[in-house]
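See structure below.
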Amino acid sequence: MTHTPPVPPVREVQPSPRQMMLRRALRHRGLLFGGAVMLVILLIAIFAPLLSQHSPYAQSLMARMKPPVFLGGEATHWLGTDALGRDYWSRLAHGARVSLMIGLFAATISALIGSTLGILAGYFGGRVDMAVTFLINVRLAMPVVLVALAVVALFGGSLTVVVTVLGLLLWDRFAVVLRAATMQVRKLEYVAAAEVLGASLPRILWKDILPNVMNHLIVIFTLEMAHAIILEAALSFLGLGVQPPTPSWGLMISEGKEMLLFEPWLITIPGVALFLLVLSINMLGDGIRDVTAPEGRN
Amino acid sequence: MTDPILSIRNLTVDLPRGADRPHAVEALTLQVQPREIVCIVGESGSGKSITAFTTMGLLPKALTPSSGEVLFEGRDLLTLPAAEHAKLRGRRMAMIFQEPMSALNPCYTVGDQIEEMFEQHTTLSKAERRARTLHLLDEVQLPDPPRIYESYPHQLSGGQRQRIVIAMALALDPALLIADEPTTALDLSTQAQILHLLKDLREKHSAGILFVTHDFDVVAEIADRVVVMKQGRIVEQGPAEEVLTRPRHPYTRLLIDAVPRRSRAVGQDLSRSPEILRVAGLDKTYHIRGTMFRPARTVHACRDIEFGVRRGETLGIVGESGSGKSTLVKCLIRLEDPDNGAVWVEGTNIAGYSRRALHPYRKDIQIVFQDPYGSLNPRRTIGDQLAEGPTNFGEPRAKVMARARELMRIVRLEPEALNRYPNQFSGGQRQRICIARALMVEPKVLIADEAVSALDVSVQKEVLKLLNEIRDRMGLTVLFITHDLRVAAQVCDRLIVMQKGEIVERGTVDEVFGTPKHAYTQKLLAAQPGQAWEVPDIASLPPARLDAMGGLI
Amino acid sequence: MLLFTLKRFGLAICVALTVSAISFGLLYMAGDPAVAIAGENASSVDIAAITAQYGFDRPLLVQYADWLGGALTGDLGRSWYFDLPVTQIVTDRLGVTVTLGALAISFALILAIPMGVAAAVRPNSLIDRAALFLSVVGQAIPSFWFGLILIVVFSIKLGLVPASGSASWKHFILPTVVLGYYATPAIMRLTRAGMLEVLSADYIRTARAKGLDTRKILFKHALRNAIIPVISLAAVQMGFMLGGSIVVESIFALHGAGYLAWESISRNDLPVMQALILVFSMFYILFTFLADLLNAWMDPRLRVG
Amino acid sequence: DQASGTLNLAFSKEVETADVYFNTAREGLLLNHAIWDGLLYRNPETGAYEGNLATDWTWIDPTTIEFKLREGVTFHNGEAFTADDVVYTVDYVTNPDNGVKNLANVMWMERAEKIDDHTVRLILKAPFPAAEDFLAGPVAIYPDEYYAEVGPQGMGVAPIGTGPLKVAELDPGKHFVLEANEAYFDGPKGASAIGRIDIRTIPDVNTQIAEFFNGTLDFLWNVPADQAEKLEAMGRYEVVNAPAMRVGYISMDAAGRSGESPLTDKRVRQAIYHAIDRQTILDALVKGSSKVVDSACAPVQTACAQDLPSYEYDPEKAKALLAEAGYADGFTIDFYAYRDRPYAEAMMGFLDAVGIKTNLNYMQYAALREQHRKGEVPMTFLTWGSNSVADASAMTAEFFTGGPQDDARDPEIIDWIQQADSTTDKEKRAGHYKQALTKIVEEAYWVPLFTYNVNYVLGPDIAYTPTDDEIVRFFAFDWK
Ligand SMILES: Nc1ncnc2c1ncn2[C@@H]1O[C@H](COP(=O)(O)OP(=O)(O)OP(=O)(O)O)[C@@H](O)[C@H]1O
Ligand SMILES: Nc1ncnc2c1ncn2[C@@H]1O[C@H](COP(=O)(O)OP(=O)(O)OP(=O)(O)O)[C@@H](O)[C@H]1O
Ligand SMILES: [Mg+2]
Ligand SMILES: [Mg+2]
Ligand code: NI
């Protein structure tokens with residue numbers, strides 16, 4: 001055998017991971033739907049002041065509970081007014097901000113706590129893992145709704161308190177999933193290779209572990225974001241969520257619930273909005289999970 | 001000639017749209033006679049398993065047979081209703097799979113799982129079923145059948161499990177037995193036993209066996225006839241003796257040529273060159289914490305390991321799975337901390353160094369791992385990963401990238417590949433990239449831990465050649481870990497043989513393979529399949545002639 | 001096994017202790033409990049008397065040790081509100097909640113497992129899509145909203161079932177649906193994913209090669225393996241449900257532990273809250289423990305050889 | 001409903017114990033009236049006090065009353081009612097060691113003395129003009145032998161009284177079944193026309209209304225104004241609105257207990273008074289028979305003067321006052337509340353309009369009261385129901401006599417109220433109260449808002465006339 005083998009060409013057919021992800025994303029119906037709804041809500045939240053000519057706080061006690069246009073109301077308040085005569089559309093639009101903010105911040109706090117714990121436990125194993133597992137167990141054993149209610153009841157329900165409490169209570173899934181994912185990635189040989197090549201610990205965590213557990217992180221982030229939004233609504237429903245007159249959707253449902261049997265639209269409108277938001281976040285999360293399924297083994 | 005048991009004619013199986021080729025199997029024709037072992041060989045992805053699955057009626061939903069026929073006992077299986085086909089399975093045709101570890105349901109005793117065959121296909125009473133099962137267990141040479149009968153799969157070794165699967169397959173005396181790489185996952189001595197068992201059983205049960213493998217040594221050991229496949233097509237078939245010693249098709253020749261020889265052209269004399277790495281008294285014990293339901297135990301993965309390697313030398317480390325080979329190298333590169341012992345690299349003992357103190361010595365020893373898919377980070381470009389090492393040792397980016405480009409050329413990849421991601425490369429290409437990555441920091445010692453085990457023979461050959469070249473060109477010292485004795489013989493200067501964490505034998509290749517002293521080494525050597533087969537010298541064969549379609553004339 | 005059980009038990013105690021310590025600290029940090037005991041219309045005179053009577057002027061640690069000592073002997077103190085032993089109140093209310101939780105988890109399992117299996121057997125089929133739809137929608141429907149809608153439709157409009165209370169089995173229908181529906185998506189997804197994974201496992205291929213009929217393959221070989229993680233999840237969900245039945249109980253006026261918890265929060269009845277947090281966490285620990293045992297029984301790999 | 005002969009009612013909160021001396025809930029007071037009797041009875045129509053367990057009573061001196069007890073009365077368990085029961089009850093509840101919860105209800109009594117089996121004397125600690133009202137309200141007479149045996153806990157789960165209704169079943173906090181007391185004496189309350197009353201606890205108003213629609217509840221009370229309007233509009237149910245003794249008010253930290261605060265400036269407080277359109281809130285949200293008040297007590301209460309100065313709704317004037325006080329640009333302040341969130345929000349809207357930004361802290365009553373007592377609350381919306389005691393002292397004494405909930409700490413007011421409460425001269429008393437109430441308005445220590453009202457909704461086959469003291473008299477129901 002005398003000939004040298006030809007230089008094997010790079011497999012042109014295979015696009016880069018990012019291109020593949022994008023391609024899959026564009027074919028994923030759930031992701032597109034979730035993304036679109038989410039985008040609309042996001043835009044509404046951002047441009048809330050421009051989209052409504054009334055202030056969400058302006059009361060008009062003589063024009064209470066005016067029905068929305070589709071139930072025979074007037075066009076000035078096309079979604080009607082609430083029990084204090086405030087414009088429902090304006091509150092809904094501004095409420096999108098609050099709900100998104102609660103979801104984002106609470107999920108961010110828990111992501112920071114949970115993924116740090118999870119990644120450290122998964123990477124180091126041994127005692128660190130035991131300690132983290134214990135913490136996770138403690139956290140799981142605490143009844144979330146009960147503790148959240150108690151804390152909000154005792155410390156008052158400002159936005160900050162609610163976000164912090166939810167953030168401090170919802171990190172378990174981050175920790176559990178990232179711990180498992182990190183353990184898996186840590187066993188892979190490229191981590192060993194990086195170590196042998198003299199990479200420092202932070203560098204390995206940052207460059208080799210984090211990017212490869214990122215898809216889990218994002219998926220859990222969306223789940224917990226939805227979870228936080230629903231929980232806040234539940235707290236508000238029980239009267240222990242954020243403080244009025246902040247226009248949170250949960251609060252709107254809680255205020256509208258009083259008239260459930262007589263003016264059902266009062267609770268239906270924010271209820272549907274909340275449902276759509278949570279639905280879109282969840283679909284987005286599911287989509288991301290499908291789309292970012294780690295490629296490699298074809 | 002008697003009637004064939006199985007006769008596949010002109011079979012074509014379509015792949016789903018978007019696959020890299022339109023057909024998994026194309027225009028395939030083959031026959032299996034009673035008491036005949038027909039081996040299908042070919043590289044990964046050539047359609048061997050698909051052929052087997054089509055016959056069994058176990059094709060994944062995505063794949064559909066589009067033309068041809070599969071005649072079994074006079075009936076065309078492709079047109080047979082699924083329910084009828086299911087009735088044949090297990091009773092008239094049976095199958096053994098590659099992965100014994102996962103082929104059995106972990107939730108039921110193996111006795112129960114064998115008995116299911118009788119339950120499904122016969123009307124035997126409970127007691128009879130049990131008796132027949134115990135008999136089968138005895139027949140596949142399992143010790144203490146009543147105990148095995150009550151065991152769960154996880155309580156048995158891989159070889160034992162494979163025997164259970166075989167027992168299951170033979171339960172109802174099928175006319176056809178299909179074995180899809182049944183020994184690939186087993187170690188040498190177990191493989192030898194299973195092959196022996198199959199040969200015996202063919203006689204006793206008068207079944208025809210379709211045996212799928214990619215290992216020519218196994219073919220040489222058991223095949224009556226050989227079918228060679230490439231990309232879904234049969235390129236050559238004939239009696240074993242004929243195909244193995246006088247292959248006619250270039251592809252068959254390429255494959256056989258790639259089979260490592262059992263000897264190596266003697267390299268340069270190294271007795272004068274200085275010792276670059278020395279290991280002494282190295283111990284490593286794993287304490288496995290008792291998990292929820294299992295008691296704790298300790299494993300002595302390495303015990304009192306001692307050896308030295310000279311500059312430019314290739315030291316082979318062989319031994320069965322679990323003998324401690326990987327643990328040893330992990331201790332050398334300090335992915336694990338040895339419990340005891342010293343590791344001298346050019347006179348510096350790095351065994352006890354802290355992480356920080358070790359840093360400058362890191363680049364002296366580099367490693368290439370087995371799994372071509374797991375050893376590259378899928379989220380980083382090749383260039384970024386190649387640059388990792390030198391960057392960590394503070395080299396300027398420009399210089400690093402220049403070197404990366406050069407190394408890409410050395411491992412025969414285009415420099416543009418640096419901007420791509422691992423998923424855009426094949427397994428063999430990935431192994432080259434890993435070698436390049438290891439070489440980026442200009443190591444003194446390169447460890448290859450089963451670096452070619454996961455590759456097809458032809459690719460394996462390329463990579464081995466590359467390694468050889470690089471070693472000679474750069475004066476590298478190589479620790480070559482493998483369980484494949486052929487490979488070891490071909491690339492190593494000296495060998496050490498490990499068993500249960502200890503070195504049981506050492507010496508030059510000729511010493512170890514020619515006059516093994518330790519019983520374990522002897523056993524290992526004896527278990528090699530196809531020893532009678534002398535790999536032909538392809539260059540000396542007459543040139544092949546092909547028709548326009550790539551078929552033989 | 002025994003050793004393991006003991007270890008698990010020890011761990012469980014540690015977890016429960018930590019939970020109780022955290023909640024104790026948290027609850028006592030905010031405000032003077034004496035006011036809570038005195039109640040809405042009490043005057044200033046009453047409050048001073050109560051502070052002394054209950055010993056709220058002692059250091060927190062002493063109070064905790066006191067409480068813990070009592071808890072170990074089954075004495076969780078007296079409710080400030082009802083002035084009855086907490087143990088009595090809690091055990092009294094727990095019945096409804098445990099019944100509800102058991103019904104709800106059964107409902108969820110009965111709904112989710114067949115759907116999950118059906119979805120996995122025919123991926124991308126109509127039933128798979130329906131299951132997926134149900135699970136996505138189920139995750140997004142706030143349970144309080146769902147509960148109110150059910151009352152309006154099934155109780156007021158159709159008059160099929162009572163709206164509130166716990167007097168007969170009929171009263172449990174709506175709460176069971178609301179609470180159970182909440183756990184359904186997760187269980188269904190896990191069943192589906194587990195079945196999909198198991199169905200592509202080698203031993204299923206072996207079973208098919210043996211010529212077994214589909215029913216046997218699905219139910220004997222596949223489901224048994226796929227169900228193992230579902231058991232753990234169901235245990236966790238059941239634990240969550242007990243703690244999370246607050247909303248459902250308050251809507252349907254079920255006087256269970258969840259409702260008691262919520263009321264105790266409004267009443268600042270710390271001994272009861274404290275006990276409930278402890279009880280809920282104990283339940284969670286108990287369920288996960290039972291699930292582990294059940295799994296060990298189901299999965300021989302987890303048994304001691 | 002009538003068919004089953006059972007009247008179905010719902011409490012919206014759990015009652016901690018049926019022993020009325022150990023609960024402070026409104027529901028407890030209702031049970032008190034149904035199961036027990038006081039010595040006296042206040043006729044809800046005339047407001048006059050009538051004999052109940054006592055047939056006759058005379059003031060011997062300002063601190064001694066002598067009662068002639070009704071003869072032939074028995075408790076539900078058959079125990080005869082005598083002077084011993086009165087003496088035992090008074091001695092028990094006034095003994096601080098027994099830890100009665102509502103001390104204010106009983107601590108004005110010193111002791112009781114038995115003269116003979118049916119004559120008893122009550123000795124007061126000091127002259128106490130509201131004594132008759134308390135004796136007609138919260139002070140129930142217990143059976144001495146039974147109570148000595150079972151104590152508060154036994155009484156809590158198996159109450160025994162002399163009242164028109166007796167307890168047939170009791171599940172603490174959850175469920176009460178009352179039955180008519182066939183042997184009830186011929187007193188001012190009258191016997192119960194309905195044989196059986198079933199009271200469940202249903203916290204959610206919607207659920208209550210749902211059950212009401214289904215006919216599984218016969219009567220609702222405390223129905224919020226909006227829902228009551230809708231129910232009335234349906235035409236099938238009778239909705240009755242009755243005034244309540246509860247008064248809503250904003251208390252401001254004039255004494256500066258919570259630290260540096262704009263509210264220490266009288267002009268700022270007056271501005272707040274001017275800024276809130278109480279009438280509009282009342283018309284839009286509170287509705288019913290409520291009235292805007294300027295008194296720090298309920299108009300129905302004795303000595304609660306109504307001809308007081310007032311501040312009309314005038315946002316411009318409010319702004320001017322603020323500017324004068326140096327807050328032309330307004331300020332931001334914490335605002336606390338514990339109930340009626342929409343009312344609070346409405347007030348916040350009005351304050352916002354004159355430049356006062358408020359951060360709402362909506363918390364549980366216990367927590368708010370605790371913080372208020374510590375003097376950490378600059379401004380809060382509170383209400384007070386006076387335990388249905390129809391006397392101005394039930395409110396002013398609690399909040400303007402220098403106690404921990406006194407945000408004004410005005411020595412003059414403290415003095416006037418103390419003088420008023422230690423005299424039995426009705427004229428003088430009224431005079432002092434008027435002085436105090438006037439100064440509270442002038443200094444704008446509080447913004448008294450409005451009285452509350454209660455909506456009662458009657459099922460189709462129910463006959464009942466609600467009263468104006470927030471007390472549902474279970475024994476006064478009848479079928480149509
Ligand atoms: N379920 C499937 N869906 C799509 N393509 C498949 C599927 N299974 C196999 N293939 C494709 O069919 C071709 C033949 O595969 P097959 O499994 O028969 O290869 P093989 O010769 O058995 O290889 P190996 O030695 O790796 O087992 C390959 O290109 C493979 O990618
Ligand atoms: N991290 C670990 N923890 C516990 N036990 C381990 C660990 N790594 C290896 N072992 C055990 O140590 C022994 C030696 O393992 P090692 O991986 O070194 O074998 P090997 O010779 O490389 O086998 P193979 O050929 O399968 O790669 C085995 O019994 C293995 O189970
Ligand atoms: Mg194959
Ligand atoms: Mg190894
Ligand atoms: Ni060649």
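Scheme for the structure tokens: letters A, B, ... for chains in order shown; per-chain residue numbers from 1; ligand numbers from 1 in order shown.
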
Compile a residue-level contact table for chain C against chain A at a cut-off of 6 Å, reporting for every qualifying residue the shortest atom pair and its distance in Å to one decimal, with only C-alpha atoms counted, rows ordered by chain and ascending number, as a tab-separated table.
```
residue	atom	partner	partner_atom	distance
C:Val15	CA	A:Val138	CA	5.2
C:Ala30	CA	A:Leu154	CA	5.8
C:Ala140	CA	A:Leu279	CA	5.1
C:Ile141	CA	A:Phe275	CA	5.7
C:Gly243	CA	A:Pro143	CA	5.0
C:Gly244	CA	A:Val145	CA	5.9
C:Ile265	CA	A:Ala150	CA	5.9
C:Ser281	CA	A:Ala141	CA	4.5
C:Tyr284	CA	A:Ala141	CA	5.7
```

| field | Who sits within 12 Å of range 167-174 of chain C, only C-alpha atoms, same chain under 5 positions skipped, as an MDAnalysis selection string | value | (chainID C and resid 96:104 107 143:144 146:155 159:162 179:181 248:249 251:256) or (chainID D and resid 174:175 200)

When you look at range 253-257 of chain D with a cut-off of 6 Å (counting only C-alpha atoms), what residues show up, excluding the ones that are within fewer than 4 positions of it in the same chain? I need them as a short mmCIF file (atom, residue, chain, number, x, y, z; two decimals) with N, CA and C atoms, in the first residue's frame.
```cif
data_model
loop_
_atom_site.label_atom_id
_atom_site.label_comp_id
_atom_site.auth_asym_id
_atom_site.auth_seq_id
_atom_site.Cartn_x
_atom_site.Cartn_y
_atom_site.Cartn_z
N LEU D 263 -47.30 64.07 59.16
CA LEU D 263 -48.60 64.02 59.81
C LEU D 263 -48.60 64.68 61.18
N THR D 264 -47.45 65.04 61.67
CA THR D 264 -47.44 65.76 62.94
C THR D 264 -47.93 67.19 62.73
N GLY D 375 -46.40 51.72 67.63
CA GLY D 375 -46.23 53.08 67.15
C GLY D 375 -45.40 53.16 65.89
N PRO D 378 -47.60 55.11 60.43
CA PRO D 378 -47.88 56.54 60.29
C PRO D 378 -49.34 56.82 59.95
N ASP D 407 -52.95 57.47 68.79
CA ASP D 407 -51.99 58.17 67.95
C ASP D 407 -51.96 59.67 68.24
N ALA D 408 -52.98 60.16 68.98
CA ALA D 408 -53.06 61.60 69.22
C ALA D 408 -52.31 61.99 70.48
#
```

| said: Can you work out which residues are within 6 Å of ligand 1, considering only C-alpha atoms and all ligand atoms, and then hand them over as a ChimeraX atom specification? | reply: /B:15,24,43-50,60,62

Counting only C-alpha atoms, which residues in chain C sit no more than 10 Å from chain B? For each one, give the nearest pair of atoms and the distance in Å, sorted by chain then residue number, as a tab-separated table.
```
residue	atom	partner	partner_atom	distance
C:Met1	CA	B:Phe293	CA	6.3
C:Leu2	CA	B:Phe293	CA	9.6
C:Leu3	CA	B:Phe293	CA	9.2
C:Phe4	CA	B:Met292	CA	6.3
C:Thr5	CA	B:Met292	CA	8.8
C:Lys7	CA	B:Met292	CA	9.0
C:Arg8	CA	B:Met292	CA	8.4
C:Ser200	CA	B:Pro60	CA	9.4
C:Ala201	CA	B:Ser102	CA	7.5
C:Asp202	CA	B:Ala103	CA	4.8
C:Tyr203	CA	B:Ala103	CA	4.2
C:Ile204	CA	B:Asn105	CA	7.6
C:Arg205	CA	B:Leu58	CA	7.6
C:Thr206	CA	B:Ala103	CA	6.0
C:Ala207	CA	B:Leu104	CA	8.5
C:Arg208	CA	B:Leu58	CA	7.5
C:Ala209	CA	B:Arg89	CA	5.7
C:Lys210	CA	B:Gly90	CA	4.2
C:Gly211	CA	B:Arg89	CA	4.6
C:Leu212	CA	B:Gln120	CA	6.3
C:Asp213	CA	B:Ala86	CA	7.6
C:Thr214	CA	B:Ala86	CA	9.5
C:Lys216	CA	B:Gln120	CA	9.7
C:Lys220	CA	B:Cys107	CA	9.6
C:His221	CA	B:Asn105	CA	6.9
C:Ala222	CA	B:Asn105	CA	8.8
C:Arg224	CA	B:Cys107	CA	7.5
C:Asn225	CA	B:Cys107	CA	7.2
C:Asp292	CA	B:Met292	CA	9.1
C:Leu293	CA	B:Phe293	CA	9.8
C:Ala296	CA	B:Phe293	CA	8.1
C:Trp297	CA	B:Cys107	CA	9.5
C:Met298	CA	B:Cys107	CA	7.0
C:Asp299	CA	B:Cys107	CA	5.5
C:Pro300	CA	B:Cys107	CA	5.8
C:Arg301	CA	B:His154	CA	6.3
C:Leu302	CA	B:Phe293	CA	5.7
C:Arg303	CA	B:Phe293	CA	5.9
C:Val304	CA	B:Arg294	CA	5.8
C:Gly305	CA	B:Gln155	CA	7.5
```

Mind running chain B against chain A at 8 Å and telling me each contacting residue's nearest atom pair with the distance in Å (one decimal), counting only C-alpha atoms, chain and number ascending, as a Markdown table?
```
| residue | atom | partner | partner_atom | distance |
| --- | --- | --- | --- | --- |
| B:Ile333 | CA | A:Val196 | CA | 6.6 |
| B:Arg334 | CA | A:Val196 | CA | 7.9 |
| B:Leu335 | CA | A:Ala192 | CA | 7.0 |
| B:His359 | CA | A:Gly198 | CA | 6.1 |
| B:Arg362 | CA | A:Gly198 | CA | 6.0 |
| B:Lys363 | CA | A:Leu197 | CA | 6.4 |
| B:Gln366 | CA | A:Val196 | CA | 6.7 |
| B:Ile367 | CA | A:Ala193 | CA | 7.3 |
| B:Phe369 | CA | A:Glu189 | CA | 6.9 |
| B:Asp371 | CA | A:Glu189 | CA | 7.6 |
| B:Tyr373 | CA | A:Arg297 | CA | 6.7 |
| B:Gly374 | CA | A:Leu188 | CA | 5.3 |
| B:Ser375 | CA | A:Tyr190 | CA | 4.1 |
| B:Leu376 | CA | A:Tyr190 | CA | 5.1 |
| B:Asn377 | CA | A:Tyr190 | CA | 5.8 |
| B:Pro378 | CA | A:Gly296 | CA | 6.6 |
| B:Arg379 | CA | A:Pro211 | CA | 6.6 |
| B:Glu388 | CA | A:Leu197 | CA | 7.0 |
| B:Gly389 | CA | A:Leu197 | CA | 4.6 |
| B:Pro390 | CA | A:Leu197 | CA | 8.0 |
| B:Asn392 | CA | A:Ala199 | CA | 5.8 |
| B:Phe393 | CA | A:Gly198 | CA | 7.3 |
| B:Arg412 | CA | A:Val7 | CA | 5.4 |
| B:Leu413 | CA | A:Val7 | CA | 6.2 |
| B:Glu414 | CA | A:Pro9 | CA | 7.4 |
| B:Ala417 | CA | A:Val10 | CA | 6.8 |
| B:Arg420 | CA | A:Ser16 | CA | 6.6 |
| B:Tyr421 | CA | A:Ser16 | CA | 5.9 |
| B:Pro422 | CA | A:Gly296 | CA | 7.3 |
| B:Asn423 | CA | A:Gly296 | CA | 5.0 |
| B:Gln424 | CA | A:Gln14 | CA | 5.1 |
| B:Phe425 | CA | A:Arg11 | CA | 6.1 |
| B:Ser426 | CA | A:Arg11 | CA | 7.8 |
| B:Ala438 | CA | A:Leu197 | CA | 7.9 |
| B:Val441 | CA | A:Leu197 | CA | 7.8 |
| B:Ala539 | CA | A:Met1 | CA | 7.2 |
```

Show me, as a compact mmCIF listing (two decimals) with C-alpha atoms, in the first residue's frame, the residues of chain D whose atoms get within 10 Å of chain A, using only C-alpha atoms for the distance check.
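The file below, part16.txt, is the result:
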```txt
# COMPACT_ATOMS: atom_id res chain seq x y z
CA ASP D 204 -65.56 31.99 50.13
CA VAL D 205 -68.39 34.44 49.38
CA ASN D 206 -68.82 32.99 45.91
CA THR D 207 -69.19 29.52 47.28
CA ILE D 209 -73.72 32.44 47.06
CA ALA D 210 -73.45 29.30 44.93
CA PRO D 224 -70.75 42.76 49.94
CA ASP D 226 -72.20 44.84 44.85
CA GLN D 227 -73.29 41.24 45.19
CA LYS D 230 -77.17 41.92 42.03
CA LEU D 231 -78.99 39.44 44.20
CA THR D 280 -68.50 59.26 46.91
CA ILE D 281 -66.79 56.27 48.42
CA LEU D 282 -69.90 55.64 50.38
CA ASP D 283 -72.19 55.99 47.39
CA ALA D 284 -70.05 53.92 45.08
CA LEU D 285 -68.66 51.22 47.30
CA ARG D 341 -59.17 46.73 50.26
CA PRO D 342 -61.28 48.54 47.63
CA TYR D 343 -62.15 51.28 50.14
CA ALA D 344 -58.50 51.70 50.95
CA GLU D 345 -57.64 51.83 47.30
CA ALA D 346 -60.31 54.43 46.68
CA MET D 348 -55.43 56.16 48.01
CA GLY D 349 -56.80 57.37 44.70
CA PHE D 350 -58.10 60.56 46.32
CA ASP D 352 -52.94 60.65 45.03
CA ALA D 353 -55.01 63.38 43.40
CA THR D 358 -49.25 56.12 49.44
CA ASN D 359 -47.64 52.69 49.66
CA LEU D 360 -50.27 50.26 50.72
CA ASN D 361 -49.36 47.72 53.38
CA TYR D 362 -52.26 45.35 53.45
CA MET D 363 -51.78 42.94 56.28
CA GLN D 364 -53.49 40.66 58.72
CA ALA D 366 -53.06 40.88 64.19
CA ALA D 367 -49.91 41.99 62.46
CA LEU D 368 -51.22 45.48 61.81
```

| message | Can you pull out the residues contacting Ala118 in chain C? Cut-off 12 Å, using only C-alpha atoms, and skip same-chain residues under 3 positions away; I want them as an MDAnalysis selection string. | response | chainID C and resid 111:115 121:132 188:189 191:193 195:196 218:219 223

Nearby polymer residues, ligand 2, at most 6 Å, only C-alpha atoms and all ligand atoms, as a short mmCIF file (atom, residue, chain, number, x, y, z; two decimals) with N, CA, C and O atoms, in the first residue's frame:
```cif
data_model
loop_
_atom_site.label_atom_id
_atom_site.label_comp_id
_atom_site.auth_asym_id
_atom_site.auth_seq_id
_atom_site.Cartn_x
_atom_site.Cartn_y
_atom_site.Cartn_z
N TYR B 286 -10.69 2.27 44.94
CA TYR B 286 -11.96 3.00 44.94
C TYR B 286 -12.83 2.50 46.07
O TYR B 286 -12.98 1.30 46.24
N ILE B 288 -16.46 2.44 46.97
CA ILE B 288 -17.77 2.77 46.43
C ILE B 288 -18.75 2.83 47.58
O ILE B 288 -18.98 1.86 48.28
N VAL B 299 -12.76 -1.36 45.59
CA VAL B 299 -12.18 -1.99 44.41
C VAL B 299 -10.72 -1.58 44.33
O VAL B 299 -10.41 -0.39 44.35
N ALA B 301 -8.30 -0.94 42.06
CA ALA B 301 -8.20 -0.76 40.62
C ALA B 301 -6.75 -0.84 40.15
O ALA B 301 -6.47 -1.27 39.03
N GLU B 320 -8.12 -7.34 30.19
CA GLU B 320 -9.55 -7.34 29.97
C GLU B 320 -10.21 -6.12 30.57
O GLU B 320 -9.60 -5.38 31.33
N SER B 321 -11.45 -5.97 30.25
CA SER B 321 -12.22 -4.86 30.79
C SER B 321 -12.21 -4.91 32.32
O SER B 321 -12.35 -5.97 32.91
N GLY B 322 -12.00 -3.78 32.92
CA GLY B 322 -12.01 -3.72 34.37
C GLY B 322 -10.70 -4.08 35.02
O GLY B 322 -10.59 -4.14 36.24
N SER B 323 -9.67 -4.29 34.21
CA SER B 323 -8.41 -4.71 34.81
C SER B 323 -7.62 -3.53 35.36
O SER B 323 -6.58 -3.71 35.98
N GLY B 324 -8.08 -2.32 35.14
CA GLY B 324 -7.43 -1.18 35.76
C GLY B 324 -6.60 -0.33 34.81
O GLY B 324 -5.88 0.57 35.26
N LYS B 325 -6.73 -0.57 33.54
CA LYS B 325 -5.91 0.16 32.57
C LYS B 325 -6.22 1.65 32.61
O LYS B 325 -5.32 2.49 32.73
N SER B 326 -7.50 1.97 32.52
CA SER B 326 -7.87 3.39 32.50
C SER B 326 -7.53 4.06 33.81
O SER B 326 -7.09 5.22 33.84
N THR B 327 -7.74 3.36 34.89
CA THR B 327 -7.42 3.94 36.20
C THR B 327 -5.94 4.29 36.27
O THR B 327 -5.57 5.37 36.75
#
```

| request: Name the residues in contact with Leu294 in chain C at a cut-off of 10 Å, using only C-alpha atoms, excluding same-chain residues fewer than 6 positions from it; report them as a PyMOL selection string. | output: chain C and resi 228+231-232+288

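When DSSP is run on the backbone, the residues of range 111-141 of chain B that fall into alpha helix (DSSP H) are Gly111, Asp112, Gln113, Ile114, Glu115, Glu116, Met117, Phe118, Glu119, Gln120, His121, Lys126, Ala127, Glu128, Arg129, Arg130, Ala131, Arg132, Thr133, Leu134, His135, Leu136, Leu137, Asp138 and Glu139 of chain B.
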